[in-house]
file entry23.txt (compact mmCIF, C-alpha atoms)
# COMPACT_ATOMS: atom_id res chain seq x y z
CA MET A 41 5.56 -12.53 18.07
CA SER A 42 2.67 -14.78 18.95
CA PHE A 43 -0.98 -14.51 18.06
CA GLU A 44 -3.67 -17.13 18.59
CA LEU A 45 -5.32 -17.49 15.21
CA ASP A 46 -8.88 -18.42 16.13
CA ARG A 47 -12.50 -17.36 15.66
CA GLN A 48 -12.50 -15.14 18.76
CA ALA A 49 -9.57 -13.10 17.40
CA PHE A 50 -11.40 -12.32 14.17
CA GLU A 51 -14.63 -11.48 16.00
CA GLY A 52 -12.75 -9.07 18.26
CA LEU A 53 -11.26 -7.24 15.29
CA GLY A 54 -14.62 -7.11 13.57
CA ARG A 55 -16.36 -5.38 16.47
CA LEU A 56 -14.17 -2.29 16.03
CA CYS A 57 -16.12 -1.33 12.89
CA ALA A 58 -19.54 -2.58 14.00
CA ASP A 59 -21.06 0.85 14.56
CA ALA A 60 -19.53 2.53 11.51
CA ALA A 61 -21.28 3.25 8.22
CA GLU A 62 -22.34 0.31 6.04
CA ASN A 63 -19.26 0.94 3.89
CA CYS A 64 -16.26 2.49 5.62
CA ILE A 65 -12.49 2.85 5.76
CA ILE A 66 -10.68 3.33 9.07
CA SER A 67 -7.04 4.46 8.99
CA ALA A 68 -4.40 4.06 11.69
CA PRO A 69 -1.74 6.53 12.91
CA ASP A 70 1.42 5.20 11.27
CA PRO A 71 5.06 6.12 10.60
CA ALA A 72 6.17 7.30 7.17
CA GLY A 73 6.16 4.57 4.56
CA MET A 74 3.53 2.44 6.29
CA GLU A 75 -0.26 2.65 6.26
CA ARG A 76 -2.78 0.36 7.96
CA ILE A 77 -6.51 0.38 7.27
CA GLU A 78 -9.65 -1.57 8.00
CA ALA A 79 -12.24 -1.57 5.22
CA ARG A 80 -15.83 -2.77 5.15
CA PHE A 81 -17.73 -3.04 1.88
CA HIS A 82 -20.73 -4.51 0.13
CA GLY A 83 -20.54 -5.10 -3.62
CA SER A 84 -17.77 -3.70 -5.77
CA ALA A 85 -15.40 -1.49 -3.79
CA PHE A 86 -12.43 -0.51 -5.97
CA ASP A 87 -12.11 0.00 -9.70
CA PRO A 88 -8.91 -1.31 -11.36
CA HIS A 89 -5.93 0.63 -10.02
CA ARG A 90 -2.30 0.26 -9.01
CA HIS A 91 -0.06 1.80 -6.37
CA ASP A 92 3.67 1.64 -5.74
CA THR A 93 3.39 0.03 -2.32
CA TYR A 94 2.95 -3.58 -1.32
CA ALA A 95 -0.61 -4.28 -0.19
CA ILE A 96 -0.57 -7.13 2.35
CA GLY A 97 -3.71 -7.95 4.30
CA VAL A 98 -6.03 -10.41 5.98
CA THR A 99 -9.68 -11.06 5.17
CA LEU A 100 -11.67 -10.97 8.42
CA ARG A 101 -15.19 -11.66 7.21
CA GLY A 102 -16.90 -12.59 3.96
CA VAL A 103 -15.26 -13.40 0.63
CA GLN A 104 -12.81 -10.90 -0.86
CA THR A 105 -12.72 -11.03 -4.67
CA PHE A 106 -10.33 -9.26 -7.01
CA ARG A 107 -8.62 -9.56 -10.36
CA TYR A 108 -4.84 -9.74 -10.22
CA ARG A 109 -2.31 -10.60 -12.94
CA GLY A 110 -5.05 -11.48 -15.42
CA ALA A 111 -7.00 -13.90 -13.21
CA ALA A 112 -9.89 -13.80 -10.75
CA ARG A 113 -8.80 -14.41 -7.14
CA LEU A 114 -10.66 -14.85 -3.86
CA SER A 115 -9.64 -14.70 -0.23
CA LEU A 116 -11.52 -16.28 2.69
CA PRO A 117 -11.27 -15.32 6.39
CA GLY A 118 -7.78 -16.06 7.68
CA GLN A 119 -6.11 -16.04 4.27
CA VAL A 120 -3.38 -13.51 3.43
CA ILE A 121 -3.47 -11.26 0.36
CA VAL A 122 -0.13 -10.13 -1.11
CA LEU A 123 -0.21 -7.61 -3.97
CA HIS A 124 3.11 -6.58 -5.46
CA PRO A 125 3.81 -2.89 -6.13
CA ASP A 126 2.53 -1.49 -9.42
CA GLU A 127 0.39 -4.55 -10.25
CA LEU A 128 -3.10 -3.69 -11.54
CA HIS A 129 -5.98 -4.98 -9.38
CA ASP A 130 -9.53 -4.23 -8.28
CA GLY A 131 -11.54 -5.48 -5.29
CA GLY A 132 -14.89 -6.07 -3.69
CA ALA A 133 -17.18 -8.40 -1.75
CA GLY A 134 -17.91 -11.76 -3.31
CA THR A 135 -21.16 -12.43 -1.42
CA GLU A 136 -24.19 -10.48 -0.17
CA GLU A 137 -22.81 -10.86 3.36
CA GLY A 138 -20.34 -8.11 2.60
CA LEU A 139 -16.64 -7.91 3.32
CA ARG A 140 -14.35 -6.82 6.11
CA TYR A 141 -10.58 -6.88 5.88
CA ARG A 142 -7.43 -5.21 7.19
CA MET A 143 -4.61 -4.15 4.92
CA LEU A 144 -1.04 -2.96 5.31
CA TYR A 145 0.38 -0.69 2.59
CA LEU A 146 4.15 -0.75 2.75
CA GLU A 147 6.67 1.26 0.74
CA PRO A 148 9.42 -0.97 -0.68
CA SER A 149 12.08 1.35 0.75
CA LEU A 150 11.20 0.11 4.26
CA MET A 151 11.73 -3.47 3.19
CA LEU A 152 15.01 -3.28 1.33
CA ASP A 153 17.17 -2.95 4.44
CA CYS A 154 15.71 -6.24 5.68
CA LEU A 155 16.54 -7.99 2.41
CA GLY A 156 20.29 -7.53 2.53
CA GLY A 157 20.62 -6.06 -0.96
CA THR A 158 18.37 -8.54 -2.79
CA ALA A 159 15.40 -7.64 -4.98
CA LEU A 160 11.84 -7.41 -3.66
CA PRO A 161 10.08 -10.79 -3.21
CA PHE A 162 7.27 -11.52 -5.65
CA VAL A 163 4.37 -13.72 -4.47
CA ARG A 164 2.83 -14.75 -7.78
CA GLU A 165 -0.60 -16.09 -6.77
CA GLY A 166 -1.71 -13.13 -4.64
CA VAL A 167 -3.46 -15.24 -1.95
CA VAL A 168 -1.62 -17.32 0.66
CA THR A 169 -2.85 -19.80 3.28
CA ASP A 170 -0.29 -19.65 6.10
CA ASP A 171 -1.27 -19.37 9.77
CA ALA A 172 2.16 -18.12 10.86
CA PHE A 173 2.20 -15.43 8.15
CA CYS A 174 -1.34 -14.40 9.13
CA ALA A 175 -0.37 -14.21 12.82
CA THR A 176 2.58 -11.96 11.99
CA LEU A 177 0.32 -9.61 10.04
CA LEU A 178 -2.34 -9.50 12.73
CA SER A 179 0.24 -8.56 15.35
CA ALA A 180 0.45 -5.21 13.53
CA LEU A 181 -3.06 -5.04 12.08
CA GLY A 182 -4.80 -6.04 15.31
CA PRO A 183 -4.08 -2.90 17.38
CA LEU A 184 -5.26 -0.59 14.60
CA GLU A 185 -6.14 2.24 16.95
CA GLN A 186 -2.61 2.34 18.43
CA GLU A 187 0.64 3.73 17.08
CA LEU A 188 3.23 1.01 16.60
CA ASP A 189 6.40 1.15 18.66
CA GLU A 190 9.59 1.62 16.62
CA LEU A 191 11.26 -1.51 18.00
CA PHE A 192 8.11 -3.51 17.28
CA VAL A 193 8.08 -2.25 13.67
CA ASP A 194 11.70 -3.33 13.16
CA ASP A 195 10.97 -6.86 14.37
CA PHE A 196 7.67 -7.02 12.50
CA LEU A 197 9.29 -6.04 9.19
CA ALA A 198 12.02 -8.66 9.65
CA GLN A 199 9.42 -11.40 10.20
CA LEU A 200 7.23 -10.12 7.38
CA MET A 201 10.17 -10.28 4.95
CA GLN A 202 10.84 -13.88 5.99
CA SER A 203 7.25 -14.82 5.18
CA LEU A 204 7.24 -13.01 1.84
CA THR A 205 10.57 -14.53 0.81
CA ARG A 206 9.34 -18.00 1.77
CA HIS A 207 6.26 -17.67 -0.46
CA ALA A 208 8.07 -15.98 -3.35
CA GLY A 209 9.17 -19.42 -4.52
CA LYS A 210 12.53 -18.50 -6.06
CA PRO A 211 15.66 -16.84 -4.64
CA ALA A 212 15.74 -13.07 -5.05
CA LYS A 213 18.50 -11.67 -7.24
CA PRO A 214 20.93 -9.25 -5.58
CA LEU A 215 20.83 -5.61 -6.65
CA ALA A 216 24.08 -4.14 -7.94
CA GLY A 217 25.68 -1.61 -5.62
CA THR A 218 25.48 1.11 -8.28
CA ALA A 219 21.77 0.48 -8.79
CA TRP A 220 21.04 0.59 -5.09
CA ARG A 221 23.01 3.81 -4.45
CA ALA A 222 21.53 5.64 -7.44
CA ALA A 223 17.97 4.58 -6.64
CA THR A 224 18.34 5.60 -3.00
CA LEU A 225 19.80 9.03 -3.87
CA ALA A 226 16.99 9.66 -6.36
CA ARG A 227 14.32 8.55 -3.88
CA GLU A 228 15.66 10.84 -1.14
CA TYR A 229 15.78 13.79 -3.55
CA LEU A 230 12.19 13.19 -4.70
CA VAL A 231 10.92 12.99 -1.11
CA GLU A 232 12.64 16.29 -0.30
CA ASN A 233 11.07 18.01 -3.34
CA LEU A 234 7.50 16.72 -3.35
CA ASP A 235 5.98 20.20 -3.60
CA ARG A 236 7.47 21.14 -6.98
CA PRO A 237 8.16 19.65 -10.43
CA VAL A 238 11.43 17.67 -10.55
CA ARG A 239 13.34 17.54 -13.83
CA SER A 240 15.23 14.54 -15.19
CA ASP A 241 18.48 16.52 -15.38
CA GLU A 242 18.27 17.18 -11.64
CA LEU A 243 18.20 13.45 -10.93
CA GLU A 244 21.03 12.89 -13.40
CA ALA A 245 23.14 15.44 -11.52
CA ILE A 246 22.32 13.88 -8.14
CA THR A 247 22.97 10.27 -9.13
CA GLY A 248 25.64 10.60 -11.82
CA LEU A 249 23.62 8.38 -14.19
CA ASP A 250 21.71 9.19 -17.34
CA ARG A 251 17.92 9.26 -17.01
CA TYR A 252 17.35 5.93 -18.75
CA ALA A 253 19.83 3.96 -16.66
CA LEU A 254 18.44 5.60 -13.54
CA SER A 255 14.90 4.65 -14.49
CA ARG A 256 15.96 0.99 -14.85
CA HIS A 257 17.79 0.99 -11.51
CA PHE A 258 14.97 2.78 -9.71
CA ARG A 259 12.41 0.27 -10.96
CA ALA A 260 14.67 -2.65 -10.00
CA ALA A 261 14.89 -1.30 -6.45
CA PHE A 262 11.37 0.04 -5.85
CA SER A 263 9.21 -1.64 -8.55
CA THR A 264 8.07 1.70 -9.95
CA SER A 265 9.40 4.68 -11.90
CA PRO A 266 10.71 7.93 -10.36
CA HIS A 267 7.72 9.79 -11.82
CA ARG A 268 5.13 7.43 -10.31
CA PHE A 269 6.99 7.43 -7.01
CA LEU A 270 6.70 11.23 -6.88
CA VAL A 271 2.99 11.18 -7.82
CA MET A 272 2.21 8.48 -5.24
CA ARG A 273 3.91 10.38 -2.42
CA ARG A 274 1.80 13.43 -3.31
CA LEU A 275 -1.33 11.27 -3.28
CA GLN A 276 -0.44 9.84 0.11
CA SER A 277 -0.03 13.39 1.40
CA ALA A 278 -3.45 14.16 -0.08
CA ARG A 279 -5.03 11.22 1.77
CA ARG A 280 -3.66 12.55 5.05
CA MET A 281 -5.20 15.95 4.28
CA ILE A 282 -8.52 14.27 3.41
CA ALA A 283 -8.46 12.52 6.80
CA ALA A 284 -7.88 15.92 8.42
CA GLY A 285 -11.02 17.28 6.70
CA GLU A 286 -9.43 19.81 4.35
CA PRO A 287 -11.44 20.84 1.24
CA LEU A 288 -10.64 18.76 -1.85
CA ALA A 289 -9.95 21.77 -4.07
CA GLN A 290 -7.40 23.06 -1.57
CA ILE A 291 -5.84 19.60 -1.21
CA ALA A 292 -5.31 19.35 -4.97
CA ILE A 293 -3.15 22.49 -4.97
CA GLU A 294 -1.32 21.78 -1.71
CA ALA A 295 -0.44 18.26 -2.84
CA GLY A 296 1.21 19.57 -6.00
CA PHE A 297 -1.40 18.85 -8.71
CA SER A 298 -2.16 21.34 -11.48
CA ASP A 299 -5.91 21.41 -10.72
CA GLN A 300 -8.67 19.35 -9.11
CA SER A 301 -9.41 17.43 -12.31
CA HIS A 302 -5.76 16.30 -12.51
CA PHE A 303 -5.89 15.34 -8.83
CA ASN A 304 -9.11 13.34 -9.30
CA ARG A 305 -7.70 11.38 -12.25
CA GLN A 306 -4.46 10.49 -10.50
CA PHE A 307 -6.21 9.57 -7.26
CA LYS A 308 -8.62 7.16 -8.98
CA LYS A 309 -5.81 5.55 -10.98
CA ALA A 310 -3.89 4.93 -7.75
CA PHE A 311 -6.67 3.96 -5.31
CA GLY A 312 -9.61 2.81 -7.42
CA MET A 313 -12.05 5.53 -6.35
CA THR A 314 -12.38 9.31 -6.46
CA PRO A 315 -11.12 11.57 -3.65
CA GLY A 316 -14.74 12.45 -2.84
CA ARG A 317 -15.66 8.79 -2.41
CA TRP A 318 -12.58 8.18 -0.25
CA SER A 319 -13.50 11.20 1.90
CA SER A 320 -17.06 9.96 2.42
CA LEU A 321 -15.81 6.50 3.44
CA THR A 322 -13.21 7.79 5.90
CA HIS A 323 -15.58 10.34 7.46
CA GLY A 324 -18.49 7.94 7.86
CA THR A 325 -20.87 9.55 5.37
CA ALA A 326 -20.89 6.70 2.84
CA THR A 327 -23.90 4.53 2.10
CA ALA A 328 -24.10 0.96 0.93
CA ALA A 329 -22.87 0.37 -2.63

call {"tool": "encode", "arguments": {"input": "entry23.txt", "output": "structure tokens"}}
result
Amino acid sequence: MSFELDRQAFEGLGRLCADAAENCIISAPDPAGMERIEARFHGSAFDPHRHDTYAIGVTLRGVQTFRYRGAARLSLPGQVIVLHPDELHDGGAGTEEGLRYRMLYLEPSLMLDCLGGTALPFVREGVVTDDAFCATLLSALGPLEQELDELFVDDFLAQLMQSLTRHAGKPAKPLAGTAWRAATLAREYLVENLDRPVRSDELEAITGLDRYALSRHFRAAFSTSPHRFLVMRRLQSARRMIAAGEPLAQIAIEAGFSDQSHFNRQFKKAFGMTPGRWSSLTHGTATAA
């Protein structure tokens, strides 16, 4: 993949959101396990939150500020942000100019096949200066309005894993075969049963492991627990329903939450804002913060 990393490229990406609301989020049509967005904000955008996907993005304009792993970080245009799954962080604009960035949210399950049985790479600092890494990201984040071809996605993920592994700094440890098989079986079962409560004894029967060993193996593979994985998949389903314009009260029930209050709490913990705020940003009814 090639991409000329220059001022004109960033300006071209920026124009796509020029006529949107002062604060906005634009989502792309993506395959399961992958989500691409463009966001534009002034001031503080996201309260502290964590999700079980990688968040890998490029700042296009302004200064992106956030707290990550106990320290304040900032990203300038052209720098790459890499947030590991389940790490607490917030985010916002560091100057009055405001902020525009594009972000890829990627489920670890899509990455593990590329890693040949090793653990997920961990980029400790959260911000990387690497033109080749940035160019790889922009090859997928540039055509935000287009669906990505399956063959392109395969090649993109392979190159993305090379960049992440290079910046992780230390060799990844291989996952034991038992851990990988058990985690995969549990993940598949959870995905198939998103619309109902799943009991620990069900996962024990599926994987052949006790619940505590399974929890350790699942976290080693996917950097989160089975419970949070199930909640996050429900929340992702809820975000798709929000984009489709369904009422929030109806979404809460359809996505498997006990009531709207439960849905609101879980959504804010995962995405740093309420479902109502997310809806207003994605439907262009938000105002400046």

call {"tool": "closest_residue", "arguments": {"input": "entry23.txt", "among": "A:Ala79, A:Leu275, A:Ala180, A:Ala310", "to": "His129 (chain A)", "atoms": "all atoms listed in the file"}}
result
A:Ala310

call {"tool": "atom_distance", "arguments": {"input": "entry23.txt", "atom1": "CA of Gly316 (chain A)", "atom2": "CA of Asn304 (chain A)"}}
result
8.6 Å

call {"tool": "residues_near_point", "arguments": {"input": "entry23.txt", "point": "(-13.2, 7.8, -4.5)", "cutoff": "12 Å", "atoms": "all atoms listed in the file", "output": "MDAnalysis selection string"}}
result
chainID A and resid 64:65 85:87 89 279 282 288 303:322 326

call {"tool": "residues_near_point", "arguments": {"input": "entry23.txt", "point": "(-13.0, -12.9, -2.8)", "cutoff": "12 Å", "atoms": "all atoms listed in the file", "output": "ChimeraX atom specification"}}
result
/A:81-85,98-108,112-117,119-121,130-141,166-167

call {"tool": "write_last_selection", "arguments": {"input": "entry23.txt", "atoms": "C-alpha atoms", "output": "compact mmCIF listing (two decimals), in the frame of the given file"}}
result
# COMPACT_ATOMS: atom_id res chain seq x y z
CA PHE A 81 -17.73 -3.04 1.88
CA HIS A 82 -20.73 -4.51 0.13
CA GLY A 83 -20.54 -5.10 -3.62
CA SER A 84 -17.77 -3.70 -5.77
CA ALA A 85 -15.40 -1.49 -3.79
CA VAL A 98 -6.03 -10.41 5.98
CA THR A 99 -9.68 -11.06 5.17
CA LEU A 100 -11.67 -10.97 8.42
CA ARG A 101 -15.19 -11.66 7.21
CA GLY A 102 -16.90 -12.59 3.96
CA VAL A 103 -15.26 -13.40 0.63
CA GLN A 104 -12.81 -10.90 -0.86
CA THR A 105 -12.72 -11.03 -4.67
CA PHE A 106 -10.33 -9.26 -7.01
CA ARG A 107 -8.62 -9.56 -10.36
CA TYR A 108 -4.84 -9.74 -10.22
CA ALA A 112 -9.89 -13.80 -10.75
CA ARG A 113 -8.80 -14.41 -7.14
CA LEU A 114 -10.66 -14.85 -3.86
CA SER A 115 -9.64 -14.70 -0.23
CA LEU A 116 -11.52 -16.28 2.69
CA PRO A 117 -11.27 -15.32 6.39
CA GLN A 119 -6.11 -16.04 4.27
CA VAL A 120 -3.38 -13.51 3.43
CA ILE A 121 -3.47 -11.26 0.36
CA ASP A 130 -9.53 -4.23 -8.28
CA GLY A 131 -11.54 -5.48 -5.29
CA GLY A 132 -14.89 -6.07 -3.69
CA ALA A 133 -17.18 -8.40 -1.75
CA GLY A 134 -17.91 -11.76 -3.31
CA THR A 135 -21.16 -12.43 -1.42
CA GLU A 136 -24.19 -10.48 -0.17
CA GLU A 137 -22.81 -10.86 3.36
CA GLY A 138 -20.34 -8.11 2.60
CA LEU A 139 -16.64 -7.91 3.32
CA ARG A 140 -14.35 -6.82 6.11
CA TYR A 141 -10.58 -6.88 5.88
CA GLY A 166 -1.71 -13.13 -4.64
CA VAL A 167 -3.46 -15.24 -1.95

call {"tool": "atom_distance", "arguments": {"input": "entry23.txt", "atom1": "CA of Ala283 (chain A)", "atom2": "CA of Glu127 (chain A)"}}
result
25.7 Å

call {"tool": "residues_around", "arguments": {"input": "entry23.txt", "residues": "Asp299 (chain A)", "least_positions_apart": "5", "cutoff": "8 Å", "atoms": "all atoms listed in the file", "output": "list in words"}}
result
Ala289, Ala292 and Ile293 of chain A

call {"tool": "closest_residue", "arguments": {"input": "entry23.txt", "among": "A:Glu294, A:Asp189, A:Asp195, A:Glu232", "to": "Pro69 (chain A)", "atoms": "all atoms listed in the file"}}
result
A:Asp189

call {"tool": "closest_residue", "arguments": {"input": "entry23.txt", "among": "A:Glu286, A:Asp70, A:Glu242, A:Asp92", "to": "Leu230 (chain A)", "atoms": "all atoms listed in the file"}}
result
A:Glu242

call {"tool": "atom_distance", "arguments": {"input": "entry23.txt", "atom1": "CA of Leu225 (chain A)", "atom2": "CA of Arg76 (chain A)"}}
result
26.9 Å

call {"tool": "closest_residue", "arguments": {"input": "entry23.txt", "among": "A:Arg280, A:Arg221, A:His302, A:Arg80", "to": "Leu249 (chain A)", "atoms": "only C-alpha atoms"}}
result
A:Arg221

call {"tool": "closest_residue", "arguments": {"input": "entry23.txt", "among": "A:Gly217, A:Leu181, A:Val163, A:Pro266", "to": "Ser203 (chain A)", "atoms": "all atoms listed in the file"}}
result
A:Val163

call {"tool": "closest_residue", "arguments": {"input": "entry23.txt", "among": "A:Glu244, A:Asp153, A:Glu190, A:Glu147", "to": "Ala222 (chain A)", "atoms": "all atoms listed in the file"}}
result
A:Glu244

call {"tool": "axis_aligned_box", "arguments": {"input": "entry23.txt", "around": "region 189-200 of chain A", "padding_each_side": "8 Å", "output": "lines of an AutoDock Vina configuration file"}}
result
center_x = 9.2
center_y = -4.9
center_z = 13.0
size_x = 21.6
size_y = 29.0
size_z = 27.3
